[in-house]
Every structure is written in structure tokens, then in C-alpha cells.
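Source file run_7.txt; content: compact mmCIF, N, CA and C atoms.
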# COMPACT_ATOMS: atom_id res chain seq x y z
N MET C 1 23.00 22.58 39.54
CA MET C 1 22.13 23.54 38.87
C MET C 1 22.70 23.91 37.50
N GLN C 2 24.01 24.11 37.41
CA GLN C 2 24.63 24.48 36.15
C GLN C 2 24.54 23.34 35.14
N ILE C 3 24.64 22.10 35.59
CA ILE C 3 24.55 20.94 34.70
C ILE C 3 23.14 20.84 34.12
N ARG C 4 22.12 21.09 34.94
CA ARG C 4 20.74 21.07 34.45
C ARG C 4 20.55 22.12 33.35
N PHE C 5 21.12 23.29 33.57
CA PHE C 5 21.01 24.36 32.59
C PHE C 5 21.65 23.95 31.27
N ILE C 6 22.82 23.33 31.33
CA ILE C 6 23.52 22.89 30.12
C ILE C 6 22.72 21.81 29.40
N VAL C 7 22.19 20.85 30.15
CA VAL C 7 21.39 19.78 29.55
C VAL C 7 20.13 20.36 28.91
N LEU C 8 19.45 21.25 29.64
CA LEU C 8 18.24 21.87 29.11
C LEU C 8 18.55 22.71 27.87
N SER C 9 19.60 23.48 27.91
CA SER C 9 20.00 24.30 26.76
C SER C 9 20.32 23.44 25.54
N THR C 10 21.00 22.34 25.77
CA THR C 10 21.34 21.43 24.67
C THR C 10 20.08 20.81 24.08
N ALA C 11 19.17 20.38 24.94
CA ALA C 11 17.92 19.79 24.47
C ALA C 11 17.11 20.78 23.64
N ILE C 12 17.02 22.01 24.09
CA ILE C 12 16.30 23.05 23.35
C ILE C 12 16.96 23.31 22.00
N ALA C 13 18.28 23.39 21.99
CA ALA C 13 19.00 23.63 20.74
C ALA C 13 18.75 22.51 19.74
N VAL C 14 18.75 21.27 20.19
CA VAL C 14 18.50 20.12 19.31
C VAL C 14 17.08 20.20 18.74
N LEU C 15 16.10 20.50 19.58
CA LEU C 15 14.72 20.60 19.11
C LEU C 15 14.53 21.74 18.12
N VAL C 16 15.11 22.87 18.39
CA VAL C 16 15.00 24.02 17.49
C VAL C 16 15.59 23.68 16.12
N CYS C 17 16.70 22.99 16.10
CA CYS C 17 17.34 22.61 14.83
C CYS C 17 16.57 21.51 14.12
N ALA C 18 15.92 20.63 14.84
CA ALA C 18 15.21 19.50 14.24
C ALA C 18 13.93 19.93 13.54
N VAL C 19 13.23 20.91 14.05
CA VAL C 19 11.96 21.32 13.45
C VAL C 19 12.12 21.79 12.01
N PRO C 20 13.07 22.68 11.68
CA PRO C 20 13.23 23.05 10.28
C PRO C 20 13.64 21.87 9.40
N ALA C 21 14.44 20.97 9.91
CA ALA C 21 14.87 19.82 9.13
C ALA C 21 13.70 18.92 8.79
N ILE C 22 12.81 18.72 9.73
CA ILE C 22 11.63 17.89 9.48
C ILE C 22 10.72 18.57 8.48
N SER C 23 10.45 19.83 8.63
CA SER C 23 9.53 20.54 7.74
C SER C 23 10.11 20.67 6.34
N HIS C 24 11.43 20.75 6.23
CA HIS C 24 12.06 20.91 4.92
C HIS C 24 11.77 19.73 4.00
N HIS C 25 11.68 18.54 4.54
CA HIS C 25 11.52 17.35 3.72
C HIS C 25 10.07 16.99 3.47
N SER C 26 9.18 17.90 3.66
CA SER C 26 7.77 17.67 3.42
C SER C 26 7.45 17.88 1.93
N ASN C 27 6.52 17.10 1.43
CA ASN C 27 6.02 17.27 0.07
C ASN C 27 4.70 18.01 0.08
N SER C 28 4.42 18.74 1.13
CA SER C 28 3.12 19.38 1.31
C SER C 28 2.80 20.44 0.27
N ALA C 29 3.78 20.92 -0.46
CA ALA C 29 3.53 21.94 -1.49
C ALA C 29 3.02 21.32 -2.79
N TYR C 30 3.01 19.99 -2.86
CA TYR C 30 2.66 19.30 -4.11
C TYR C 30 1.39 18.46 -3.97
N LEU C 31 0.71 18.28 -5.10
CA LEU C 31 -0.47 17.42 -5.15
C LEU C 31 0.02 15.99 -5.40
N VAL C 32 0.52 15.35 -4.36
CA VAL C 32 1.17 14.05 -4.51
C VAL C 32 0.20 12.93 -4.90
N ASP C 33 -1.08 13.19 -4.82
CA ASP C 33 -2.05 12.19 -5.26
C ASP C 33 -2.37 12.32 -6.75
N GLN C 34 -1.71 13.26 -7.42
CA GLN C 34 -1.89 13.46 -8.86
C GLN C 34 -0.54 13.35 -9.56
N VAL C 35 -0.55 12.75 -10.74
CA VAL C 35 0.66 12.71 -11.56
C VAL C 35 0.30 13.24 -12.93
N MET C 36 1.06 14.22 -13.37
CA MET C 36 0.87 14.75 -14.72
C MET C 36 2.14 14.47 -15.52
N THR C 37 2.00 14.48 -16.83
CA THR C 37 3.12 14.18 -17.72
C THR C 37 3.45 15.40 -18.56
N LEU C 38 4.72 15.74 -18.58
CA LEU C 38 5.21 16.84 -19.41
C LEU C 38 6.30 16.30 -20.33
N THR C 39 6.27 16.72 -21.58
CA THR C 39 7.35 16.40 -22.49
C THR C 39 7.97 17.72 -22.90
N GLY C 40 9.28 17.79 -22.79
CA GLY C 40 9.95 19.03 -23.12
C GLY C 40 11.45 18.82 -23.28
N VAL C 41 12.16 19.93 -23.24
CA VAL C 41 13.60 19.93 -23.47
C VAL C 41 14.31 20.39 -22.20
N VAL C 42 15.33 19.64 -21.83
CA VAL C 42 16.12 19.99 -20.64
C VAL C 42 16.82 21.33 -20.87
N LYS C 43 16.60 22.25 -19.96
CA LYS C 43 17.32 23.51 -19.97
C LYS C 43 18.53 23.41 -19.06
N GLU C 44 18.31 22.82 -17.86
CA GLU C 44 19.40 22.68 -16.90
C GLU C 44 19.07 21.52 -15.95
N TRP C 45 20.09 20.79 -15.55
CA TRP C 45 19.97 19.71 -14.57
C TRP C 45 20.92 20.06 -13.42
N LYS C 46 20.36 20.34 -12.27
CA LYS C 46 21.16 20.72 -11.10
C LYS C 46 21.26 19.53 -10.15
N TRP C 47 22.45 19.01 -10.02
CA TRP C 47 22.76 17.89 -9.13
C TRP C 47 23.33 18.50 -7.86
N SER C 48 22.46 18.86 -6.92
CA SER C 48 22.91 19.54 -5.72
C SER C 48 22.05 19.15 -4.53
N ASN C 49 22.61 19.32 -3.36
CA ASN C 49 21.88 19.06 -2.12
C ASN C 49 21.14 20.31 -1.69
N PRO C 50 20.03 20.23 -1.02
CA PRO C 50 19.45 19.00 -0.53
C PRO C 50 18.57 18.28 -1.56
N HIS C 51 18.26 18.94 -2.68
CA HIS C 51 17.43 18.32 -3.72
C HIS C 51 17.98 18.67 -5.09
N THR C 52 17.78 17.76 -6.01
CA THR C 52 18.14 18.03 -7.40
C THR C 52 17.00 18.81 -8.05
N TRP C 53 17.31 19.49 -9.16
CA TRP C 53 16.30 20.24 -9.88
C TRP C 53 16.48 20.06 -11.38
N LEU C 54 15.38 19.82 -12.06
CA LEU C 54 15.35 19.75 -13.51
C LEU C 54 14.58 20.97 -14.01
N TYR C 55 15.25 21.79 -14.79
CA TYR C 55 14.60 22.95 -15.41
C TYR C 55 14.39 22.58 -16.86
N MET C 56 13.15 22.71 -17.33
CA MET C 56 12.85 22.29 -18.69
C MET C 56 11.91 23.26 -19.37
N THR C 57 11.95 23.25 -20.69
CA THR C 57 11.10 24.09 -21.51
C THR C 57 10.06 23.19 -22.17
N VAL C 58 8.79 23.57 -22.03
CA VAL C 58 7.67 22.77 -22.51
C VAL C 58 6.83 23.61 -23.46
N ASP C 59 6.39 23.01 -24.56
CA ASP C 59 5.50 23.68 -25.52
C ASP C 59 4.19 24.03 -24.81
N ASP C 60 3.76 25.29 -24.92
CA ASP C 60 2.54 25.71 -24.23
C ASP C 60 1.27 25.46 -25.04
N GLY C 61 1.41 24.91 -26.27
CA GLY C 61 0.25 24.63 -27.11
C GLY C 61 -0.28 25.85 -27.83
N LYS C 62 0.37 27.01 -27.66
CA LYS C 62 -0.08 28.26 -28.28
C LYS C 62 1.02 28.88 -29.12
N GLY C 63 2.01 28.07 -29.47
CA GLY C 63 3.12 28.59 -30.26
C GLY C 63 4.29 29.11 -29.43
N GLY C 64 4.18 29.01 -28.12
CA GLY C 64 5.25 29.47 -27.24
C GLY C 64 5.73 28.33 -26.35
N THR C 65 6.50 28.70 -25.38
CA THR C 65 7.00 27.70 -24.43
C THR C 65 6.80 28.19 -23.00
N VAL C 66 6.82 27.24 -22.10
CA VAL C 66 6.71 27.52 -20.66
C VAL C 66 7.88 26.81 -19.98
N GLU C 67 8.50 27.49 -19.03
CA GLU C 67 9.57 26.85 -18.26
C GLU C 67 9.00 26.23 -17.01
N TRP C 68 9.44 25.00 -16.74
CA TRP C 68 9.06 24.27 -15.55
C TRP C 68 10.28 23.99 -14.70
N ALA C 69 10.12 24.01 -13.41
CA ALA C 69 11.15 23.63 -12.45
C ALA C 69 10.61 22.41 -11.72
N VAL C 70 11.32 21.28 -11.85
CA VAL C 70 10.82 20.04 -11.26
C VAL C 70 11.84 19.53 -10.25
N GLU C 71 11.41 19.43 -9.02
CA GLU C 71 12.28 19.02 -7.92
C GLU C 71 12.47 17.51 -7.91
N GLY C 72 13.71 17.10 -7.69
CA GLY C 72 14.00 15.68 -7.55
C GLY C 72 14.48 15.39 -6.15
N ARG C 73 14.69 14.14 -5.88
CA ARG C 73 15.20 13.73 -4.58
C ARG C 73 16.68 14.09 -4.45
N ALA C 74 17.22 13.86 -3.29
CA ALA C 74 18.62 14.18 -3.01
C ALA C 74 19.55 13.35 -3.91
N PRO C 75 20.71 13.91 -4.26
CA PRO C 75 21.67 13.16 -5.08
C PRO C 75 22.01 11.78 -4.50
N SER C 76 22.12 11.67 -3.19
CA SER C 76 22.46 10.37 -2.59
C SER C 76 21.39 9.32 -2.87
N VAL C 77 20.13 9.72 -2.87
CA VAL C 77 19.02 8.80 -3.15
C VAL C 77 18.99 8.47 -4.64
N LEU C 78 19.05 9.51 -5.49
CA LEU C 78 18.99 9.28 -6.93
C LEU C 78 20.21 8.52 -7.43
N GLY C 79 21.35 8.75 -6.82
CA GLY C 79 22.57 8.02 -7.20
C GLY C 79 22.39 6.52 -7.04
N ARG C 80 21.72 6.11 -5.96
CA ARG C 80 21.46 4.69 -5.75
C ARG C 80 20.46 4.15 -6.76
N ALA C 81 19.68 5.03 -7.38
CA ALA C 81 18.70 4.61 -8.39
C ALA C 81 19.26 4.71 -9.81
N GLY C 82 20.56 5.05 -9.93
CA GLY C 82 21.20 5.07 -11.25
C GLY C 82 21.39 6.44 -11.88
N TRP C 83 20.99 7.49 -11.21
CA TRP C 83 21.16 8.84 -11.73
C TRP C 83 22.58 9.32 -11.41
N ASP C 84 23.03 10.37 -12.13
CA ASP C 84 24.24 11.09 -11.77
C ASP C 84 24.14 12.51 -12.31
N LYS C 85 25.18 13.29 -12.10
CA LYS C 85 25.11 14.70 -12.51
C LYS C 85 25.16 14.89 -14.02
N PHE C 86 25.44 13.81 -14.76
CA PHE C 86 25.51 13.90 -16.22
C PHE C 86 24.35 13.19 -16.92
N VAL C 87 23.41 12.63 -16.16
CA VAL C 87 22.36 11.80 -16.75
C VAL C 87 21.40 12.59 -17.64
N LEU C 88 21.22 13.87 -17.38
CA LEU C 88 20.37 14.74 -18.20
C LEU C 88 21.21 15.89 -18.72
N LYS C 89 21.07 16.14 -20.03
CA LYS C 89 21.89 17.18 -20.66
C LYS C 89 21.02 18.25 -21.30
N PRO C 90 21.46 19.51 -21.25
CA PRO C 90 20.72 20.57 -21.92
C PRO C 90 20.48 20.22 -23.39
N GLY C 91 19.26 20.47 -23.85
CA GLY C 91 18.89 20.19 -25.23
C GLY C 91 18.27 18.82 -25.43
N GLU C 92 18.36 17.96 -24.42
CA GLU C 92 17.83 16.60 -24.50
C GLU C 92 16.31 16.62 -24.28
N LYS C 93 15.58 15.85 -25.10
CA LYS C 93 14.12 15.75 -24.94
C LYS C 93 13.80 14.69 -23.90
N VAL C 94 12.92 15.01 -22.96
CA VAL C 94 12.52 14.09 -21.90
C VAL C 94 11.02 14.18 -21.65
N THR C 95 10.50 13.10 -21.08
CA THR C 95 9.13 13.09 -20.59
C THR C 95 9.19 12.91 -19.09
N VAL C 96 8.58 13.83 -18.39
CA VAL C 96 8.62 13.83 -16.93
C VAL C 96 7.24 13.54 -16.38
N HIS C 97 7.18 12.56 -15.50
CA HIS C 97 5.95 12.26 -14.76
C HIS C 97 6.16 12.88 -13.39
N MET C 98 5.27 13.78 -13.01
CA MET C 98 5.48 14.57 -11.81
C MET C 98 4.17 14.94 -11.14
N SER C 99 4.29 15.28 -9.87
CA SER C 99 3.15 15.81 -9.13
C SER C 99 3.29 17.33 -9.13
N PRO C 100 2.23 18.03 -9.57
CA PRO C 100 2.32 19.49 -9.68
C PRO C 100 2.19 20.20 -8.33
N ALA C 101 2.62 21.45 -8.32
CA ALA C 101 2.49 22.29 -7.13
C ALA C 101 1.02 22.61 -6.88
N LYS C 102 0.66 22.70 -5.61
CA LYS C 102 -0.72 23.02 -5.23
C LYS C 102 -1.11 24.43 -5.67
N ASP C 103 -0.13 25.33 -5.75
CA ASP C 103 -0.45 26.73 -6.06
C ASP C 103 -0.61 26.99 -7.55
N GLY C 104 -0.49 25.96 -8.40
CA GLY C 104 -0.70 26.13 -9.83
C GLY C 104 0.49 26.67 -10.58
N SER C 105 1.60 26.91 -9.89
CA SER C 105 2.79 27.41 -10.57
C SER C 105 3.43 26.30 -11.40
N HIS C 106 4.36 26.65 -12.23
CA HIS C 106 5.03 25.68 -13.10
C HIS C 106 6.18 25.00 -12.36
N VAL C 107 5.80 24.34 -11.27
CA VAL C 107 6.73 23.64 -10.41
C VAL C 107 6.12 22.28 -10.08
N GLY C 108 6.97 21.28 -9.94
CA GLY C 108 6.48 19.96 -9.57
C GLY C 108 7.56 19.16 -8.88
N ILE C 109 7.21 17.92 -8.55
CA ILE C 109 8.16 17.00 -7.93
C ILE C 109 8.17 15.72 -8.75
N ILE C 110 9.37 15.27 -9.09
CA ILE C 110 9.56 14.15 -10.02
C ILE C 110 9.05 12.83 -9.44
N ALA C 111 8.30 12.10 -10.28
CA ALA C 111 7.97 10.70 -10.00
C ALA C 111 8.93 9.82 -10.80
N ARG C 112 9.11 10.16 -12.09
CA ARG C 112 10.10 9.49 -12.94
C ARG C 112 10.32 10.30 -14.20
N VAL C 113 11.42 10.02 -14.86
CA VAL C 113 11.77 10.70 -16.12
C VAL C 113 12.05 9.62 -17.16
N THR C 114 11.50 9.81 -18.35
CA THR C 114 11.78 8.91 -19.46
C THR C 114 12.56 9.69 -20.50
N LYS C 115 13.75 9.18 -20.82
CA LYS C 115 14.59 9.83 -21.82
C LYS C 115 14.11 9.43 -23.21
N GLU C 116 14.54 10.18 -24.22
CA GLU C 116 14.10 9.93 -25.59
C GLU C 116 14.48 8.53 -26.08
N ASP C 117 15.57 7.97 -25.56
CA ASP C 117 15.98 6.62 -25.97
C ASP C 117 15.22 5.52 -25.23
N GLY C 118 14.26 5.90 -24.38
CA GLY C 118 13.45 4.93 -23.66
C GLY C 118 13.95 4.61 -22.26
N THR C 119 15.11 5.12 -21.88
CA THR C 119 15.63 4.89 -20.52
C THR C 119 14.70 5.54 -19.51
N ILE C 120 14.32 4.77 -18.50
CA ILE C 120 13.43 5.28 -17.44
C ILE C 120 14.27 5.50 -16.20
N LEU C 121 14.21 6.71 -15.68
CA LEU C 121 14.91 7.07 -14.44
C LEU C 121 13.87 7.20 -13.35
N GLY C 122 13.86 6.25 -12.42
CA GLY C 122 12.95 6.30 -11.29
C GLY C 122 13.47 7.24 -10.23
N ASN C 123 12.61 7.57 -9.29
CA ASN C 123 13.02 8.55 -8.26
C ASN C 123 13.68 7.91 -7.04
N GLY C 124 13.93 6.62 -7.09
CA GLY C 124 14.61 5.97 -5.97
C GLY C 124 13.68 5.51 -4.87
N GLY C 125 12.39 5.78 -5.01
CA GLY C 125 11.41 5.35 -4.01
C GLY C 125 10.47 4.34 -4.64
N ASN C 126 9.28 4.26 -4.12
CA ASN C 126 8.27 3.39 -4.72
C ASN C 126 7.83 3.97 -6.04
N GLN C 127 7.89 3.15 -7.07
CA GLN C 127 7.60 3.70 -8.40
C GLN C 127 6.36 3.16 -8.96
Show me the file's structure as C-alpha cells.
Amino acid sequence: MQIRFIVLSTAIAVLVCAVPAISHHSNSAYLVDQVMTLTGVVKEWKWSNPHTWLYMTVDDGKGGTVEWAVEGRAPSVLGRAGWDKFVLKPGEKVTVHMSPAKDGSHVGIIARVTKEDGTILGNGGNQ
């Protein structure tokens, strides 16, 4: 009886931990069937787990700027695609192809980044 309890408890613990992990890696917050292009200046490049983040300043077309936060894939995935923690530098001009957030906020998920020198950084998946 005690062994059944331990097995059952372990199984429940594994399932409880797995559900947040599965939901975390969803792209459901983004309009993944749409790709928009932003050109702007890198404010910050965060090379961190579980996802990288590109913070950039974009001209709003009205004489001001808008800050965007664009989520990238995990460093381990992007590293295999040629990215690293130094690939984007503050002040650098970039063009980002991304899927925007469903809620209309200034957030998106990276499809690819083109640097001013023409270097294309893919997201490590199907491009």
C-alpha cells in the first residue's frame, strides 16, 4: 500500500510540473500567421533562459519613438543558428521580422533579424 502511494505521488508530481512547462513554450500570445517588419535601434539584447529578448526603439512616424520588446528563442537554439550574447549591440540599427502580440501591445516574437551590414540572423527554426 505504501509503495502505491509513493508511485502515485510521484506520478502526480511529474504531471503537475509538466503542465506549466508545456504551456510556457506556447506561442499562443502571438499572431504567428502574420509577420510584420520593424526597423529600429537596439536598446538592449538579453541573452538569457528560457528566452532571449531584444528591446528596441522604433520611430513612431509622429516625431517620437516607441519601444518594442521582441522575444527570441532560447540561447541554446539561437547559438546553433549563429547567434551569441554579443551579436546585437545597443545603438545598432536592425530590421526585425516578427509576429506581433495578439493583444496589440508593442511585443512580438522574432522570425529573423537583419543587421545594417546585411547579416541575416535566423531564429534557428524553419525560416
Please tabulate, as a Markdown table, the residues of region 24-80 of chain C that come within 5 Å of region 107-113 of chain C, each with its closest pair of atoms and the distance in Å to one decimal, counting only N, CA and C atoms and ordering rows by chain, then residue number upward.
| residue | atom | partner | partner_atom | distance |
| --- | --- | --- | --- | --- |
| C:Ala69 | C | C:Gly108 | N | 4.2 |
| C:Val70 | CA | C:Gly108 | C | 4.1 |
| C:Glu71 | N | C:Gly108 | C | 3.9 |
| C:Gly72 | CA | C:Ile110 | N | 4.9 |
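Remark: for Ser76 (chain C), the closest of the candidate residues C:Thr57, C:Ser48, C:Asn27, C:Thr95 is C:Ser48 (distances computed over all atoms listed in the file).
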*Rounded to one decimal in Å, what is the spacing between atom N of Lys85 (chain C) and atom N of Lys46 (chain C)?*
8.5 Å
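Atom pair CA of Val94 (chain C) / atom N of Asp117 (chain C) has a distance of 7.8 Å (rounded to one decimal).
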_For a test of reading the model, state the distance in Å between atom C of Pro90 (chain C) and atom N of Asp33 (chain C), rounded to one decimal._
29.3 Å
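If only C-alpha atoms are the atoms counted, then among C:Val58, C:Leu31, C:Val66, C:Leu38 the closest residue to Thr114 (chain C) is C:Leu38.
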